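Peer 1: What follows is a structure written as structure tokens; I'll ask about it next.
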Amino acid sequence: GQSASTFGFDENFGKLDLYYQTIHRASDGYKPSGAEALIRWHHPRHGFLAPDEFIPLAEEGGLLELLGRWVLREACSAAASWSPDTFVAVNVSPSQLRVPGFEDVVETVLLETGLPPSRLELEVTESALIEDSRDIAGALRRLRARGVQVSLDDFGTGYSSLSHLMHFGIDRIKIDRSFVALLGARADGAALVSGLLSLARTLSISTTAEGVETEAQRDFLVALGCTDLQGFLFSKPMPLGELQARSEFSQ
Ligand code: G
Ligand code: G
Ligand code: MN
Ligand code: NA
């Protein structure tokens, strides 16, 4: 899948598009190590709509599973043509994880696109791990056994984070940008982020800090052992064509 495709219904609906934001490895001179796929809706009258505005609607209407499959297929198909040492991170909502065939969908998409499982990272939220935790944990465990990476998104904004890290096998946590924004803004912000990072290090879990906007934030995070960084300092979410103009993501 070398060219971007869109998920459109009709001229009134507009189309959905996947954007990508680069993720940079601290130990490698901030070279891009992967990219997160982020959905965008170009509405003919309302312009760009953010996922926060329409994901809940898609969920209510039972469309999210279909949408999720499209996102997964698009993202894996794109990543299959990138440099073999990169990965693609795909957001997966709790309702997608709850569908019994979710693992098979992932497996099929990987087979069809030829993307090695280790190059796919599924971003799940803490809320997904709370509800129906047994089923979801089982699915995630089996996917991880096949080599798929699992990260905990928006870490720190949900409930009982520590126990989730202990009970669910997780490869990475993504430190929510609200915490990164505290750095330099509040005296206790640094202590909080430092605690999160040292917890992750103790559990041998990788960390991606989100919403990194300044060099000061970057340097602080890296000094405390944060392994990967994402944010406007490095790049904004961009269309696939723009991402693939960069050498790591070129075809
Ligand atoms: O890109 P933006 O900041 O607007 O994204 C807002 C939120 O929408 C993010 O937290 C992200 O988790 C979620 N999101 C973005 N793309 C997808 C997607 O393809 N599927 C799901 N389920 N959530 C997404
Ligand atoms: O929740 P999730 O992390 O999946 O979504 C990431 C969202 O955060 C994207 O919609 C993206 O546009 C936004 N974002 C990414 N980098 C930055 C940043 O450095 N600063 C701010 N304010 N928002 C960002
Ligand atoms: Mn995310
Ligand atoms: Na996030």
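Order determines the names: the first chain of the structure tokens is A, the second B, and so forth; residues in each chain are numbered 1 upward, and ligands are numbered 1 upward as they are shown.
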Please extract the residues at most 7 Å from ligand 2, counting only C-alpha atoms and all ligand atoms, and provide them as a PyMOL selection string, using the chain letters and residue numbers of this document.
Peer 2: chain A and resi 38+91+153-154+176+210-213+230-233+236-237
Peer 1: Skip segment 40-56 of chain A itself and residues of its chain fewer than 5 positions away, then list as number ranges by chain all residues within 7 Å of it, counting only C-alpha atoms.
Peer 2: A: 12-19
Peer 1: Could the residues that lie within 12 Å of ligand 3, counting only C-alpha atoms and all ligand atoms, be listed as an MDAnalysis selection string?
Peer 2: chainID A and resid 20:23 35:39 51:52 88:93 121:126 150:155 172:177 208:211 230:231 237
Peer 1: For the residues in the current selection, export C-alpha atoms as a tab-separated table (two decimals), in the first residue's frame.
Peer 2:
chain	number	residue	atom	x	y	z
A	20	TYR	CA	1.38	10.81	11.14
A	21	GLN	CA	3.49	12.33	13.89
A	22	THR	CA	7.11	11.26	14.22
A	23	ILE	CA	8.50	9.69	17.40
A	35	ALA	CA	5.33	7.50	13.82
A	36	GLU	CA	1.89	7.60	15.42
A	37	ALA	CA	-1.11	7.43	13.08
A	38	LEU	CA	-3.72	10.06	13.95
A	39	ILE	CA	-7.09	10.19	12.24
A	51	PRO	CA	-10.88	12.83	16.65
A	52	ASP	CA	-12.09	13.85	20.11
A	88	VAL	CA	3.95	2.56	13.47
A	89	ALA	CA	1.80	3.31	16.52
A	90	VAL	CA	-1.97	2.89	16.10
A	91	ASN	CA	-4.56	4.07	18.64
A	92	VAL	CA	-7.07	1.40	19.59
A	93	SER	CA	-10.21	2.27	21.54
A	121	GLU	CA	2.58	-0.74	18.35
A	122	LEU	CA	-1.00	-0.70	19.63
A	123	GLU	CA	-1.76	2.29	21.85
A	124	VAL	CA	-4.39	1.34	24.41
A	125	THR	CA	-5.78	3.46	27.21
A	126	GLU	CA	-5.97	2.66	30.89
A	150	VAL	CA	1.57	-2.63	23.32
A	151	SER	CA	1.75	0.84	24.83
A	152	LEU	CA	-0.37	2.52	27.46
A	153	ASP	CA	-1.54	5.89	26.09
A	154	ASP	CA	-2.31	9.00	28.13
A	155	PHE	CA	-0.50	7.44	31.06
A	172	ARG	CA	5.80	1.11	26.71
A	173	ILE	CA	4.02	3.93	28.46
A	174	LYS	CA	3.21	7.20	26.76
A	175	ILE	CA	3.46	10.03	29.23
A	176	ASP	CA	0.53	12.33	28.65
A	177	ARG	CA	1.31	15.80	27.40
A	208	THR	CA	7.49	8.05	25.08
A	209	ALA	CA	6.89	11.59	26.31
A	210	GLU	CA	4.11	13.31	24.37
A	211	GLY	CA	3.64	16.99	23.72
A	230	GLN	CA	7.09	13.13	20.45
A	231	GLY	CA	5.77	16.64	20.06
A	237	PRO	CA	1.07	15.47	12.64
Peer 1: May I have the residues within 8 Å of Glu59 of chain A as a list in words, using only C-alpha atoms and disregarding those fewer than 5 positions away in the same chain?
Peer 2: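 So, after excluding close chain neighbours, the residues are Leu64, Glu65 and Ser95 of chain A.
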Peer 1: Please report the interatomic distance between atom 20 (N, counted along the ligand's line) of ligand 1 and atom CA of Gln251 of chain A in Å with one decimal.
Peer 2: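 Value for the atom 20 (N, counted along the ligand's line) of ligand 1-atom CA of Gln251 of chain A distance: 24.5 Å.
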Peer 1: Check the DSSP output for the backbone and give back, as a PyMOL selection string, the residues of segment 137-215 of chain A in strand (DSSP E).
Peer 2: chain A and resi 149-155+172-175+206-209
Peer 1: Atoms to include: C-alpha atoms. Write the selected residues as a tab-separated table (two decimals), in the first residue's frame.
Peer 2:
chain	number	residue	atom	x	y	z
A	149	GLN	CA	4.10	-4.08	20.89
A	150	VAL	CA	1.57	-2.63	23.32
A	151	SER	CA	1.75	0.84	24.83
A	152	LEU	CA	-0.37	2.52	27.46
A	153	ASP	CA	-1.54	5.89	26.09
A	154	ASP	CA	-2.31	9.00	28.13
A	155	PHE	CA	-0.50	7.44	31.06
A	172	ARG	CA	5.80	1.11	26.71
A	173	ILE	CA	4.02	3.93	28.46
A	174	LYS	CA	3.21	7.20	26.76
A	175	ILE	CA	3.46	10.03	29.23
A	206	SER	CA	10.09	2.07	27.48
A	207	THR	CA	8.70	5.60	27.67
A	208	THR	CA	7.49	8.05	25.08
A	209	ALA	CA	6.89	11.59	26.31
Peer 1: Considering only C-alpha atoms and all ligand atoms, can you say which of A:Val106, A:Gly147, A:Ala185, A:Met238 comes closest to ligand 1?
Peer 2: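 Ranked by minimum distance to ligand 1, first place goes to A:Met238.
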Peer 1: If you run DSSP on this backbone, which residues of segment 21-107 of chain A come out as alpha helix (DSSP H), and could you give them as a ChimeraX atom specification?
Peer 2: /A:51-60,64-79,94-98,102-107
Peer 1: I'd like to know which of A:Ala26, A:Val99, A:Ala79, A:Val180 is closest to Ala223 of chain A, using only C-alpha atoms.
Peer 2: A:Ala26
Peer 1: One decimal, Å: what's the distance from atom CA of Cys76 of chain A over to atom CA of Ser33 of chain A, could you say?
Peer 2: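 Going from atom CA of Cys76 of chain A over to atom CA of Ser33 of chain A covers 15.2 Å.
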Peer 1: Name all residues at most 12 Å from Leu221 of chain A (count only C-alpha atoms; drop same-chain ones fewer than 2 positions away) and give them as a VMD selection string.
Peer 2: chain A and resid 25 to 26 175 179 to 184 189 to 198 207 to 219 223 to 230
Peer 1: Could the residues in this selection be saved with C-alpha atoms as a PDB file, in the first residue's frame?
Peer 2:
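As a result, part_36.pdb now contains:
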ATOM      1  CA  ARG A  25      14.662   8.023  19.995  1.00  0.00           C
ATOM      2  CA  ALA A  26      16.735   9.843  22.604  1.00  0.00           C
ATOM      3  CA  ILE A 175       3.464  10.031  29.234  1.00  0.00           C
ATOM      4  CA  PHE A 179       2.436  16.094  32.529  1.00  0.00           C
ATOM      5  CA  VAL A 180       5.087  17.253  30.103  1.00  0.00           C
ATOM      6  CA  ALA A 181       3.424  20.684  30.138  1.00  0.00           C
ATOM      7  CA  LEU A 182       3.947  20.849  33.906  1.00  0.00           C
ATOM      8  CA  LEU A 183       7.716  20.836  33.429  1.00  0.00           C
ATOM      9  CA  GLY A 184       8.905  24.321  34.106  1.00  0.00           C
ATOM     10  CA  GLY A 189       5.708  18.945  37.856  1.00  0.00           C
ATOM     11  CA  ALA A 190       9.300  17.797  37.593  1.00  0.00           C
ATOM     12  CA  ALA A 191       8.949  15.531  40.621  1.00  0.00           C
ATOM     13  CA  LEU A 192       5.866  13.920  39.163  1.00  0.00           C
ATOM     14  CA  VAL A 193       7.398  13.216  35.761  1.00  0.00           C
ATOM     15  CA  SER A 194      10.571  12.035  37.411  1.00  0.00           C
ATOM     16  CA  GLY A 195       8.512   9.541  39.447  1.00  0.00           C
ATOM     17  CA  LEU A 196       6.723   8.222  36.373  1.00  0.00           C
ATOM     18  CA  LEU A 197       9.993   7.733  34.520  1.00  0.00           C
ATOM     19  CA  SER A 198      11.729   5.986  37.369  1.00  0.00           C
ATOM     20  CA  THR A 207       8.696   5.595  27.674  1.00  0.00           C
ATOM     21  CA  THR A 208       7.487   8.054  25.080  1.00  0.00           C
ATOM     22  CA  ALA A 209       6.887  11.590  26.305  1.00  0.00           C
ATOM     23  CA  GLU A 210       4.113  13.311  24.368  1.00  0.00           C
ATOM     24  CA  GLY A 211       3.637  16.991  23.720  1.00  0.00           C
ATOM     25  CA  VAL A 212       7.329  17.891  23.914  1.00  0.00           C
ATOM     26  CA  GLU A 213       7.439  21.501  22.737  1.00  0.00           C
ATOM     27  CA  THR A 214      10.722  22.909  24.050  1.00  0.00           C
ATOM     28  CA  GLU A 215      14.371  21.889  24.198  1.00  0.00           C
ATOM     29  CA  ALA A 216      14.265  22.394  27.960  1.00  0.00           C
ATOM     30  CA  GLN A 217      11.479  19.814  28.289  1.00  0.00           C
ATOM     31  CA  ARG A 218      13.353  17.430  25.994  1.00  0.00           C
ATOM     32  CA  ASP A 219      16.608  17.719  27.934  1.00  0.00           C
ATOM     33  CA  ALA A 223      18.185  13.302  31.702  1.00  0.00           C
ATOM     34  CA  LEU A 224      15.591  11.363  33.705  1.00  0.00           C
ATOM     35  CA  GLY A 225      15.753   8.375  31.374  1.00  0.00           C
ATOM     36  CA  CYS A 226      12.857   8.957  28.988  1.00  0.00           C
ATOM     37  CA  THR A 227      13.608   6.772  25.955  1.00  0.00           C
ATOM     38  CA  ASP A 228      11.535   8.389  23.190  1.00  0.00           C
ATOM     39  CA  LEU A 229       9.977  11.796  22.499  1.00  0.00           C
ATOM     40  CA  GLN A 230       7.092  13.128  20.446  1.00  0.00           C
TER      41      GLN A 230
END
Peer 1: Hey, which of A:Arg69, A:Pro116, A:Leu110, A:Ala75 ends up closest to Gln96 of chain A? Count only C-alpha atoms.
Peer 2: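 Closest candidate: A:Arg69.
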Peer 1: For ligand 1, which residue out of A:Gly101, A:Glu112, A:Thr157, A:Ser81 is the nearest one, using only C-alpha atoms and all ligand atoms?
Peer 2: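 Looking at the shortest contact to ligand 1, the residue is A:Thr157.
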Peer 1: Which value, in Å to one decimal, gives the distance between atom CA of Val148 of chain A and atom CA of Leu120 of chain A?
Peer 2: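 Taking atom CA of Val148 of chain A as the start and atom CA of Leu120 of chain A as the end point, the length is 5.7 Å.
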Peer 1: Given the choices A:Gly241, A:Ser118, A:Ser178, A:Asp85, which gets closest to ligand 4 if the distance is worked out from only C-alpha atoms and all ligand atoms?
Peer 2: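 Ranked by minimum distance to ligand 4, first place goes to A:Ser178.
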Peer 1: If you count only C-alpha atoms, which residues fall within 12 Å of Ala145 of chain A, apart from same-chain ones fewer than 6 positions away, as a VMD selection string?
Peer 2: chain A and resid 103 107 117 to 118 138 to 139 169 to 171
Peer 1: Compare A:Leu240, A:Ala200, A:Arg146, A:Ala245 by their minimum atom-to-atom distance to Ser77 of chain A, counting only C-alpha atoms, and give me the closest one.
Peer 2: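 For Ser77 of chain A, the nearest of the candidates is A:Leu240.
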